[in-house]
$ cat entry_32.tsv   # TSV, C-alpha atoms
chain	number	residue	atom	x	y	z
H	13	MET	CA	72.25	72.88	20.00
H	14	PRO	CA	71.91	76.67	20.22
H	15	LEU	CA	69.43	78.04	22.73
H	16	PHE	CA	66.77	80.70	22.53
H	17	LEU	CA	65.99	82.58	25.76
H	18	SER	CA	62.87	84.72	26.06
H	19	GLU	CA	62.48	87.90	28.10
H	20	LYS	CA	60.65	85.93	30.82
H	21	GLU	CA	63.52	83.46	31.09
H	22	VAL	CA	66.11	86.24	31.19
H	23	GLU	CA	64.16	87.91	33.99
H	24	LYS	CA	64.09	84.68	36.02
H	25	LEU	CA	67.82	84.08	35.68
H	26	LEU	CA	69.45	87.52	35.76
H	27	THR	CA	70.29	89.26	39.03
H	28	MET	CA	72.21	92.46	39.60
H	29	PRO	CA	75.16	90.70	41.32
H	30	LEU	CA	75.53	88.51	38.21
H	31	ALA	CA	75.36	91.54	35.92
H	32	LEU	CA	77.91	93.47	38.00
H	33	ALA	CA	80.36	90.58	37.95
H	34	ALA	CA	79.99	90.00	34.20
H	35	VAL	CA	80.34	93.67	33.24
H	36	GLU	CA	83.38	94.23	35.46
H	37	ALA	CA	85.06	91.12	34.01
H	38	ALA	CA	84.33	92.31	30.46
H	39	HIS	CA	85.98	95.68	31.10
H	40	ARG	CA	88.98	93.97	32.70
H	41	ASP	CA	89.35	91.63	29.72
H	42	LEU	CA	89.05	94.49	27.25
H	43	ALA	CA	91.70	96.52	29.07
H	44	SER	CA	93.96	93.44	29.15
H	45	MET	CA	93.68	93.04	25.36
H	46	GLN	CA	91.57	89.92	25.84
H	47	GLY	CA	88.57	91.29	23.97
H	48	CYS	CA	87.50	93.66	21.22
H	49	ASP	CA	84.56	95.99	20.79
H	50	THR	CA	83.19	97.94	17.82
H	51	PRO	CA	81.32	101.21	18.44
H	52	ARG	CA	77.59	101.18	17.71
H	53	GLN	CA	76.56	101.39	14.07
H	54	ARG	CA	73.18	102.66	12.92
H	55	THR	CA	71.11	102.29	9.75
H	56	ARG	CA	68.44	104.98	9.66
H	57	LEU	CA	65.14	105.23	7.82
H	58	PRO	CA	62.50	107.92	8.41
H	59	GLN	CA	60.38	105.51	10.44
H	60	THR	CA	62.84	102.97	11.88
H	61	THR	CA	66.50	102.78	12.93
H	62	LEU	CA	68.57	99.60	13.26
H	63	HIS	CA	71.35	99.72	15.87
H	64	ILE	CA	74.14	97.12	16.06
H	65	LEU	CA	76.87	96.67	18.70
H	66	GLN	CA	79.44	93.93	18.07
H	67	GLY	CA	82.46	92.52	19.83
H	68	ALA	CA	84.24	89.45	21.15
H	69	LEU	CA	85.57	87.97	24.40
H	70	PRO	CA	87.78	85.04	23.35
H	71	GLN	CA	88.33	83.89	26.95
H	72	LEU	CA	84.58	83.20	27.08
H	73	ASP	CA	84.72	81.65	23.59
H	74	VAL	CA	82.22	84.22	22.36
H	75	ILE	CA	81.93	86.58	19.42
H	76	GLY	CA	78.62	88.23	18.69
H	77	TYR	CA	76.42	91.26	18.57
H	78	LYS	CA	73.33	92.98	19.90
H	79	ALA	CA	70.85	94.28	17.33
H	80	TYR	CA	67.84	96.42	18.10
H	81	THR	CA	65.31	98.43	16.17
H	82	SER	CA	63.74	101.66	17.38
H	83	ASN	CA	60.42	102.85	16.05
H	84	ARG	CA	57.51	104.89	17.38
H	85	SER	CA	55.88	101.58	18.29
H	86	GLY	CA	58.80	100.61	20.56
H	87	VAL	CA	62.28	99.12	20.76
H	88	ARG	CA	63.14	95.43	20.23
H	89	PHE	CA	66.45	93.90	21.40
H	90	LEU	CA	68.20	90.62	20.52
H	91	VAL	CA	71.69	89.36	21.42
H	92	TYR	CA	73.37	86.74	19.22
H	93	LEU	CA	76.21	84.63	20.65
H	94	TYR	CA	78.60	82.59	18.47
H	95	ARG	CA	81.53	80.43	19.49
H	96	ALA	CA	84.72	82.37	18.85
H	97	SER	CA	86.58	79.08	18.30
H	98	THR	CA	84.27	77.61	15.63
H	99	GLY	CA	81.89	80.35	14.51
H	100	SER	CA	78.87	78.22	15.40
H	101	LEU	CA	75.76	79.77	16.95
H	102	ARG	CA	75.55	79.37	20.74
H	103	ALA	CA	72.42	81.27	21.72
H	104	VAL	CA	69.94	84.01	20.88
H	105	LEU	CA	68.47	86.04	23.73
H	106	GLU	CA	65.71	88.60	23.91
H	107	ALA	CA	67.56	91.47	25.52
H	108	ASP	CA	65.38	94.30	26.79
H	109	ARG	CA	65.91	93.43	30.45
H	110	LEU	CA	69.44	92.26	29.77
H	111	GLY	CA	70.31	95.67	28.33
H	112	MET	CA	68.68	97.51	31.21
H	113	MET	CA	70.59	95.47	33.78
H	114	ARG	CA	73.97	95.73	32.02
H	115	THR	CA	73.54	99.51	31.62
H	116	GLY	CA	72.83	99.79	35.33
H	117	ALA	CA	75.71	97.46	36.12
H	118	ALA	CA	78.18	99.63	34.17
H	119	ALA	CA	77.22	102.61	36.34
H	120	GLY	CA	77.42	100.39	39.40
H	121	ILE	CA	80.98	99.32	38.53
H	122	ALA	CA	81.98	102.93	37.89
H	123	THR	CA	80.46	103.91	41.23
H	124	ARG	CA	82.37	101.09	42.96
H	125	TRP	CA	85.68	102.37	41.60
H	126	LEU	CA	85.09	106.14	41.60
H	127	ALA	CA	82.60	107.20	44.28
H	128	ARG	CA	83.81	107.95	47.78
H	129	SER	CA	83.60	104.95	50.09
H	130	ASP	CA	81.43	106.96	52.49
H	131	ALA	CA	78.85	107.92	49.82
H	132	ARG	CA	75.39	107.49	51.34
H	133	VAL	CA	73.02	109.78	49.37
H	134	ALA	CA	72.28	109.43	45.66
H	135	GLY	CA	70.40	111.82	43.39
H	136	VAL	CA	68.93	110.47	40.16
H	137	PHE	CA	67.40	112.16	37.11
H	138	GLY	CA	64.91	109.88	35.38
H	139	ALA	CA	62.16	107.48	36.43
H	140	GLY	CA	61.96	105.19	33.44
H	141	TRP	CA	62.86	101.58	32.69
H	142	GLN	CA	66.62	102.20	32.56
H	143	ALA	CA	66.56	104.06	35.89
H	144	GLU	CA	65.34	100.91	37.66
H	145	GLY	CA	68.52	99.00	36.92
H	146	HIS	CA	70.60	102.07	37.65
H	147	LEU	CA	69.24	102.45	41.18
H	148	GLU	CA	69.58	98.74	41.87
H	149	ALA	CA	73.22	98.75	40.76
H	150	ILE	CA	74.42	101.74	42.76
H	151	ALA	CA	72.56	100.47	45.83
H	152	ALA	CA	74.42	97.17	45.42
H	153	VAL	CA	77.89	98.78	45.58
H	154	ARG	CA	77.36	101.48	48.21
H	155	PRO	CA	75.39	101.27	51.50
H	156	LEU	CA	73.00	104.05	50.55
H	157	GLN	CA	70.70	105.62	53.11
H	158	ARG	CA	68.58	107.70	50.74
H	159	ILE	CA	67.93	108.16	47.01
H	160	LYS	CA	66.35	111.34	45.62
H	161	VAL	CA	64.70	111.17	42.21
H	162	TYR	CA	63.47	113.88	39.84
H	163	ALA	CA	61.46	113.35	36.66
H	164	ARG	CA	59.10	115.49	34.59
H	165	HIS	CA	55.96	113.37	35.04
H	166	ALA	CA	54.79	113.54	38.65
H	167	GLU	CA	52.54	110.47	38.59
H	168	ARG	CA	55.19	108.25	37.00
H	169	LEU	CA	57.77	109.60	39.44
H	170	ALA	CA	55.62	108.84	42.48
H	171	ALA	CA	54.91	105.30	41.29
H	172	PHE	CA	58.59	104.74	40.51
H	173	CYS	CA	59.71	105.87	43.96
H	174	THR	CA	57.13	103.67	45.70
H	175	ARG	CA	58.15	100.64	43.63
H	176	MET	CA	61.88	101.15	44.10
H	177	SER	CA	61.56	101.84	47.84
H	178	GLU	CA	59.92	98.46	48.24
H	179	ARG	CA	62.39	96.65	45.98
H	180	LEU	CA	65.54	98.12	47.54
H	181	ALA	CA	64.29	98.49	51.12
H	182	LEU	CA	65.58	102.06	50.97
H	183	GLU	CA	64.14	105.56	51.26
H	184	VAL	CA	63.55	106.58	47.63
H	185	LEU	CA	62.10	110.08	47.57
H	186	ALA	CA	60.48	112.11	44.79
H	187	VAL	CA	61.83	115.67	44.77
H	188	ALA	CA	60.38	118.74	43.11
H	189	SER	CA	63.38	120.26	41.34
H	190	PRO	CA	66.73	119.43	39.74
H	191	GLU	CA	68.51	121.45	42.40
H	192	GLU	CA	67.07	119.25	45.15
H	193	VAL	CA	68.42	116.17	43.36
H	194	VAL	CA	71.98	117.50	43.20
H	195	ARG	CA	72.49	119.42	46.43
H	196	GLY	CA	73.57	117.15	49.25
H	197	SER	CA	74.07	114.11	47.01
H	198	ASP	CA	77.29	112.09	47.07
H	199	ILE	CA	76.40	110.38	43.79
H	200	VAL	CA	74.47	112.09	40.97
H	201	SER	CA	73.15	110.01	38.08
H	202	THR	CA	71.43	111.04	34.87
H	203	VAL	CA	69.34	108.40	33.10
H	204	THR	CA	67.27	110.44	30.64
H	205	THR	CA	66.86	111.27	26.97
H	206	SER	CA	67.29	114.99	27.58
H	207	ALA	CA	68.56	117.22	24.78
H	208	THR	CA	69.61	119.99	27.19
H	209	PRO	CA	71.73	119.99	30.38
H	210	LEU	CA	69.87	118.92	33.51
H	211	PHE	CA	71.60	120.86	36.30
H	212	ASN	CA	74.08	123.59	37.18
H	213	ALA	CA	77.67	122.89	38.20
H	214	GLU	CA	77.44	125.19	41.21
H	215	TRP	CA	75.02	122.73	42.88
H	216	LEU	CA	77.68	120.00	43.02
H	217	ALA	CA	79.55	119.49	46.27
H	218	PRO	CA	83.26	118.58	46.26
H	219	GLY	CA	83.70	114.81	46.20
H	220	THR	CA	80.59	114.04	44.17
H	221	HIS	CA	80.64	111.18	41.67
H	222	ILE	CA	78.52	111.57	38.50
H	223	ASN	CA	77.15	108.76	36.32
H	224	ALA	CA	75.89	110.09	32.97
H	225	ALA	CA	74.04	107.27	31.21
H	226	GLY	CA	71.63	108.85	28.75
H	227	SER	CA	73.65	110.88	26.25
H	228	ASN	CA	74.59	108.36	23.56
H	229	SER	CA	74.07	110.55	20.49
H	230	LEU	CA	74.64	114.11	19.35
H	231	ILE	CA	71.00	115.03	19.91
H	232	ARG	CA	71.21	114.21	23.63
H	233	ARG	CA	73.00	116.23	26.28
H	234	GLU	CA	72.55	115.74	30.02
H	235	LEU	CA	75.61	117.64	31.29
H	236	GLY	CA	76.63	121.17	30.41
H	237	GLU	CA	80.15	122.45	29.82
H	238	ASP	CA	80.15	124.02	33.29
H	239	VAL	CA	79.72	120.60	34.89
H	240	ILE	CA	82.32	118.82	32.76
H	241	LYS	CA	84.88	121.55	33.51
H	242	ARG	CA	84.63	120.64	37.20
H	243	CYS	CA	85.15	116.91	36.61
H	244	SER	CA	88.44	115.06	36.92
H	245	PRO	CA	88.99	112.32	36.01
H	246	ILE	CA	86.57	111.80	33.13
H	247	ILE	CA	86.01	108.06	32.73
H	248	VAL	CA	84.36	106.46	29.69
H	249	ASP	CA	83.46	102.86	28.96
H	250	SER	CA	85.35	103.12	25.65
H	251	VAL	CA	87.28	106.05	24.19
H	252	ALA	CA	86.44	104.96	20.64
H	253	THR	CA	82.73	104.86	21.44
H	254	ALA	CA	82.80	108.14	23.35
H	255	LEU	CA	84.42	109.89	20.39
H	256	CYS	CA	81.56	108.66	18.19
H	257	GLU	CA	78.52	109.36	20.30
H	258	ALA	CA	79.07	110.95	23.72
H	259	GLY	CA	76.71	113.88	23.32
H	260	ASP	CA	77.92	115.44	26.58
H	261	LEU	CA	81.57	115.44	25.49
H	262	LEU	CA	81.54	115.96	21.73
H	263	PRO	CA	80.81	119.73	21.80
H	264	LEU	CA	83.82	120.31	24.08
H	265	LEU	CA	86.03	118.04	21.98
H	266	GLU	CA	85.01	119.95	18.86
H	267	LYS	CA	85.85	123.29	20.52
H	268	GLY	CA	89.22	122.03	21.77
H	269	ARG	CA	88.16	122.54	25.39
H	270	LEU	CA	88.53	118.81	26.01
H	271	HIS	CA	90.99	116.42	24.39
H	272	ALA	CA	90.62	112.71	23.67
H	273	ARG	CA	93.79	111.95	25.64
H	274	GLN	CA	92.05	113.24	28.78
H	275	LEU	CA	89.49	110.44	28.59
H	276	ILE	CA	90.24	107.33	30.65
H	277	GLU	CA	88.63	103.94	30.04
H	278	LEU	CA	86.89	102.25	32.95
H	279	GLY	CA	88.78	99.02	32.33
H	280	ASP	CA	92.11	100.79	32.79
H	281	VAL	CA	90.96	101.99	36.22
H	282	ILE	CA	89.82	98.47	37.16
H	283	CYS	CA	93.19	97.03	36.08
H	284	GLY	CA	95.14	99.71	37.95
H	285	ARG	CA	96.67	101.12	34.77
H	286	GLN	CA	95.06	104.53	35.39
H	287	ALA	CA	94.05	106.25	38.61
H	288	GLY	CA	90.41	106.67	39.44
H	289	ARG	CA	89.59	108.97	42.34
H	290	SER	CA	92.79	110.45	43.77
H	291	THR	CA	91.40	112.78	46.45
H	292	PRO	CA	88.18	112.96	48.49
H	293	ASP	CA	87.31	116.32	46.91
H	294	GLU	CA	87.52	115.36	43.23
H	295	ILE	CA	84.30	115.43	41.21
H	296	THR	CA	84.53	112.26	39.16
H	297	LEU	CA	82.53	111.54	36.01
H	298	PHE	CA	81.59	108.32	34.25
H	299	GLU	CA	80.16	108.76	30.75
H	300	SER	CA	78.36	105.57	29.74
H	301	GLN	CA	77.47	104.89	26.10
H	302	GLY	CA	77.17	101.09	26.23
H	303	MET	CA	79.35	98.38	24.70
H	304	ALA	CA	78.82	95.04	23.01
H	305	VAL	CA	81.23	93.27	25.37
H	306	GLN	CA	78.98	94.19	28.29
H	307	ASP	CA	76.00	92.55	26.58
H	308	LEU	CA	78.03	89.52	25.52
H	309	ALA	CA	79.45	88.91	28.99
H	310	VAL	CA	76.02	89.05	30.61
H	311	ALA	CA	74.49	86.91	27.86
H	312	VAL	CA	77.15	84.19	28.27
H	313	THR	CA	76.42	84.10	32.00
H	314	LEU	CA	72.73	83.63	31.21
H	315	GLU	CA	73.39	80.96	28.59
H	316	ASN	CA	75.45	78.94	31.07
H	317	LEU	CA	72.76	79.22	33.74
H	318	ALA	CA	70.03	78.30	31.25
H	319	ARG	CA	71.86	75.14	30.24
H	320	GLU	CA	72.48	74.24	33.88
H	321	TYR	CA	68.85	74.68	34.94
H	322	GLY	CA	67.10	73.56	31.76
H	323	PHE	CA	65.83	76.94	30.58
H	324	GLY	CA	65.37	77.95	26.96
H	325	VAL	CA	64.30	76.33	23.72
H	326	GLU	CA	66.74	74.56	21.41
H	327	LEU	CA	66.95	76.15	17.97
H	328	PRO	CA	66.90	73.91	14.87
H	329	TYR	CA	70.18	75.29	13.63
H	330	GLY	CA	73.44	73.41	13.43
H	331	GLY	CA	75.72	76.33	12.63

$ encode --input "entry_32.tsv" --output "structure tokens"
Amino acid sequence: MPLFLSEKEVEKLLTMPLALAAVEAAHRDLASMQGCDTPRQRTRLPQTTLHILQGALPQLDVIGYKAYTSNRSGVRFLVYLYRASTGSLRAVLEADRLGMMRTGAAAGIATRWLARSDARVAGVFGAGWQAEGHLEAIAAVRPLQRIKVYARHAERLAAFCTRMSERLALEVLAVASPEEVVRGSDIVSTVTTSATPLFNAEWLAPGTHINAAGSNSLIRRELGEDVIKRCSPIIVDSVATALCEAGDLLPLLEKGRLHARQLIELGDVICGRQAGRSTPDEITLFESQGMAVQDLAVAVTLENLAREYGFGVELPYGG
């Protein structure tokens, strides 16, 4: 019988090491032609938008989608898993935490493959829900000594830094300006909904790795043209998705100052088909928009664990 997993059950089962392993495997499968992914589609009304990401990983016997609605009252996420072999429903999962962890894990995998091995200091823009998973992921793949965080709301920032310091057993510091976040950081991450660039390129030191995780539509832009000009290689989770919604990249693509063939998919780096970092001084960039296969891979891991440990509620649906 298909299972239903609630947010509380997902939280009990899902760890960052599990998310990292699932997301890396999904990118490897996609690059090896063992999966497919469709860029996000949106149905918009004045008050509510429906977002759908769909894909398949046949090696996991899964085809499915994540659907979520966004409204002033909040955002609601569900992942639906079907058997690729039979089309029958496997599981439905509430997916707020799942999405946060897989988004963080994607940046963690990019950091594993692109950041310098001696990276010890991270600078992060954003102190919201998504930033929690982001910090946890990069701390899991590099032995960080310090994380600097900047956000607009001082009280939220202070609480975030205190909470994450305790969770990660690391020095997580609130800083007063964007420049303080960037200067002296080996890894710079942006996890915001900003509509305008967050920092100047001149603040970046040679050898920095950048994770840009917030710009997944034309109305959002975390990195300016000056920053992107300094980056090589430019890695994306999916070229097709980036060409649809990478708000940081689309203005340069439209002007002809960046070309689609310059974009490299993360899975191709993982598989060794494309180079990641080639020199210690390169400023590498990962532009993360999010993919269905990431959600599906994590959700399958959770479904298997739930069945093993007796979590979830059976749905009265035969498929």

$ atom_distance --input "entry_32.tsv" --atom1 "CA of Arg164 in chain H" --atom2 "CA of Thr115 in chain H"
21.7 Å

$ residues_near_point --input "entry_32.tsv" --point "(67.9, 88.5, 32.7)" --cutoff "12 Å" --atoms "all atoms listed in the file" --output "number ranges by chain"
H: 17-31, 91, 105-114, 145, 307, 310-315, 317-318, 323

$ atom_distance --input "entry_32.tsv" --atom1 "CA of Arg242 in chain H" --atom2 "CA of Gln142 in chain H"
26.2 Å

$ residues_near_point --input "entry_32.tsv" --point "(69.9, 72.9, 13.6)" --cutoff "12 Å" --atoms "all atoms listed in the file" --output "list in words"
Met13, Pro14, Leu15, Ser100, Leu101, Arg102, Ala103, Glu326, Leu327, Pro328, Tyr329, Gly330 and Gly331 of chain H

$ atom_distance --input "entry_32.tsv" --atom1 "CA of Ala38 in chain H" --atom2 "CA of Arg54 in chain H"
23.2 Å

$ residues_around --input "entry_32.tsv" --residues "range 204-213 of chain H" --least-positions-apart "6" --cutoff "7 Å" --atoms "only C-alpha atoms" --output "ChimeraX atom specification"
/H:137-138,190-191,226-227,231-236,238-239

$ residues_around --input "entry_32.tsv" --residues "Arg132 in chain H" --least-positions-apart "6" --cutoff "7 Å" --atoms "all atoms listed in the file" --output "list in words"
Pro155, Leu156, Gln157, Arg158 and Asp198 of chain H

$ residues_around --input "entry_32.tsv" --residues "Ala225 in chain H" --least-positions-apart "3" --cutoff "6 Å" --atoms "all atoms listed in the file" --output "list in words"
Thr202, Val203 and Ser300 of chain H

$ closest_residue --input "entry_32.tsv" --among "H:Ala166, H:Ala119, H:Ile246, H:Ala152" --to "Leu270 in chain H" --atoms "all atoms listed in the file"
H:Ile246

$ closest_residue --input "entry_32.tsv" --among "H:Leu126, H:Ala309, H:Val153, H:Leu169" --to "Ala37 in chain H" --atoms "all atoms listed in the file"
H:Ala309

$ residues_around --input "entry_32.tsv" --residues "range 185-188 of chain H" --least-positions-apart "2" --cutoff "6 Å" --atoms "all atoms listed in the file" --output "ChimeraX atom specification"
/H:160-162

$ closest_residue --input "entry_32.tsv" --among "H:Glu167, H:Asp130, H:Glu237, H:Asp249" --to "Glu36 in chain H" --atoms "only C-alpha atoms"
H:Asp249

$ closest_residue --input "entry_32.tsv" --among "H:Thr60, H:Gly99, H:Leu93, H:Glu214" --to "Tyr80 in chain H" --atoms "all atoms listed in the file"
H:Thr60

$ closest_residue --input "entry_32.tsv" --among "H:Ser250, H:Thr123, H:Asn316, H:Ser189" --to "Asn223 in chain H" --atoms "all atoms listed in the file"
H:Thr123

$ closest_residue --input "entry_32.tsv" --among "H:Met176, H:Ala127, H:Cys243, H:Ile295" --to "Leu275 in chain H" --atoms "all atoms listed in the file"
H:Cys243

$ build_atoms --input "entry_32.tsv" --residues "range 57-75 of chain H" --atoms "N, CA and C atoms" --output "JSON list (two decimals), in the coordinates of the input"
[["chain", "number", "residue", "atom", "x", "y", "z"],
["H", 57, "LEU", "N", 66.23, 104.92, 8.74],
["H", 57, "LEU", "CA", 65.14, 105.23, 7.82],
["H", 57, "LEU", "C", 64.25, 106.26, 8.51],
["H", 58, "PRO", "N", 63.37, 106.93, 7.76],
["H", 58, "PRO", "CA", 62.50, 107.92, 8.41],
["H", 58, "PRO", "C", 61.67, 107.34, 9.56],
["H", 59, "GLN", "N", 61.26, 106.08, 9.43],
["H", 59, "GLN", "CA", 60.38, 105.51, 10.44],
["H", 59, "GLN", "C", 61.07, 104.58, 11.43],
["H", 60, "THR", "N", 62.20, 103.98, 11.05],
["H", 60, "THR", "CA", 62.84, 102.97, 11.88],
["H", 60, "THR", "C", 64.36, 103.08, 11.78],
["H", 61, "THR", "N", 65.04, 102.83, 12.91],
["H", 61, "THR", "CA", 66.50, 102.78, 12.93],
["H", 61, "THR", "C", 66.95, 101.42, 13.46],
["H", 62, "LEU", "N", 67.94, 100.83, 12.80],
["H", 62, "LEU", "CA", 68.57, 99.60, 13.26],
["H", 62, "LEU", "C", 69.91, 99.95, 13.90],
["H", 63, "HIS", "N", 70.13, 99.46, 15.12],
["H", 63, "HIS", "CA", 71.35, 99.72, 15.87],
["H", 63, "HIS", "C", 72.06, 98.39, 16.09],
["H", 64, "ILE", "N", 73.38, 98.36, 15.87],
["H", 64, "ILE", "CA", 74.14, 97.12, 16.06],
["H", 64, "ILE", "C", 75.41, 97.42, 16.85],
["H", 65, "LEU", "N", 75.63, 96.63, 17.92],
["H", 65, "LEU", "CA", 76.87, 96.67, 18.70],
["H", 65, "LEU", "C", 77.50, 95.29, 18.59],
["H", 66, "GLN", "N", 78.79, 95.23, 18.26],
["H", 66, "GLN", "CA", 79.44, 93.93, 18.07],
["H", 66, "GLN", "C", 80.79, 93.89, 18.76],
["H", 67, "GLY", "N", 81.19, 92.67, 19.15],
["H", 67, "GLY", "CA", 82.46, 92.52, 19.83],
["H", 67, "GLY", "C", 82.77, 91.06, 20.08],
["H", 68, "ALA", "N", 83.81, 90.81, 20.86],
["H", 68, "ALA", "CA", 84.24, 89.45, 21.15],
["H", 68, "ALA", "C", 84.99, 89.40, 22.47],
["H", 69, "LEU", "N", 84.82, 88.28, 23.18],
["H", 69, "LEU", "CA", 85.57, 87.97, 24.40],
["H", 69, "LEU", "C", 86.09, 86.55, 24.25],
["H", 70, "PRO", "N", 87.27, 86.39, 23.65],
["H", 70, "PRO", "CA", 87.78, 85.04, 23.35],
["H", 70, "PRO", "C", 87.91, 84.15, 24.57],
["H", 71, "GLN", "N", 88.19, 84.72, 25.74],
["H", 71, "GLN", "CA", 88.33, 83.89, 26.95],
["H", 71, "GLN", "C", 87.01, 83.23, 27.32],
["H", 72, "LEU", "N", 85.90, 83.81, 26.87],
["H", 72, "LEU", "CA", 84.58, 83.20, 27.08],
["H", 72, "LEU", "C", 84.14, 82.42, 25.85],
["H", 73, "ASP", "N", 85.02, 82.33, 24.86],
["H", 73, "ASP", "CA", 84.72, 81.65, 23.59],
["H", 73, "ASP", "C", 83.48, 82.25, 22.94],
["H", 74, "VAL", "N", 83.41, 83.58, 22.92],
["H", 74, "VAL", "CA", 82.22, 84.22, 22.36],
["H", 74, "VAL", "C", 82.61, 85.38, 21.44],
["H", 75, "ILE", "N", 81.93, 85.44, 20.32],
["H", 75, "ILE", "CA", 81.93, 86.58, 19.42],
["H", 75, "ILE", "C", 80.47, 86.79, 19.05]]
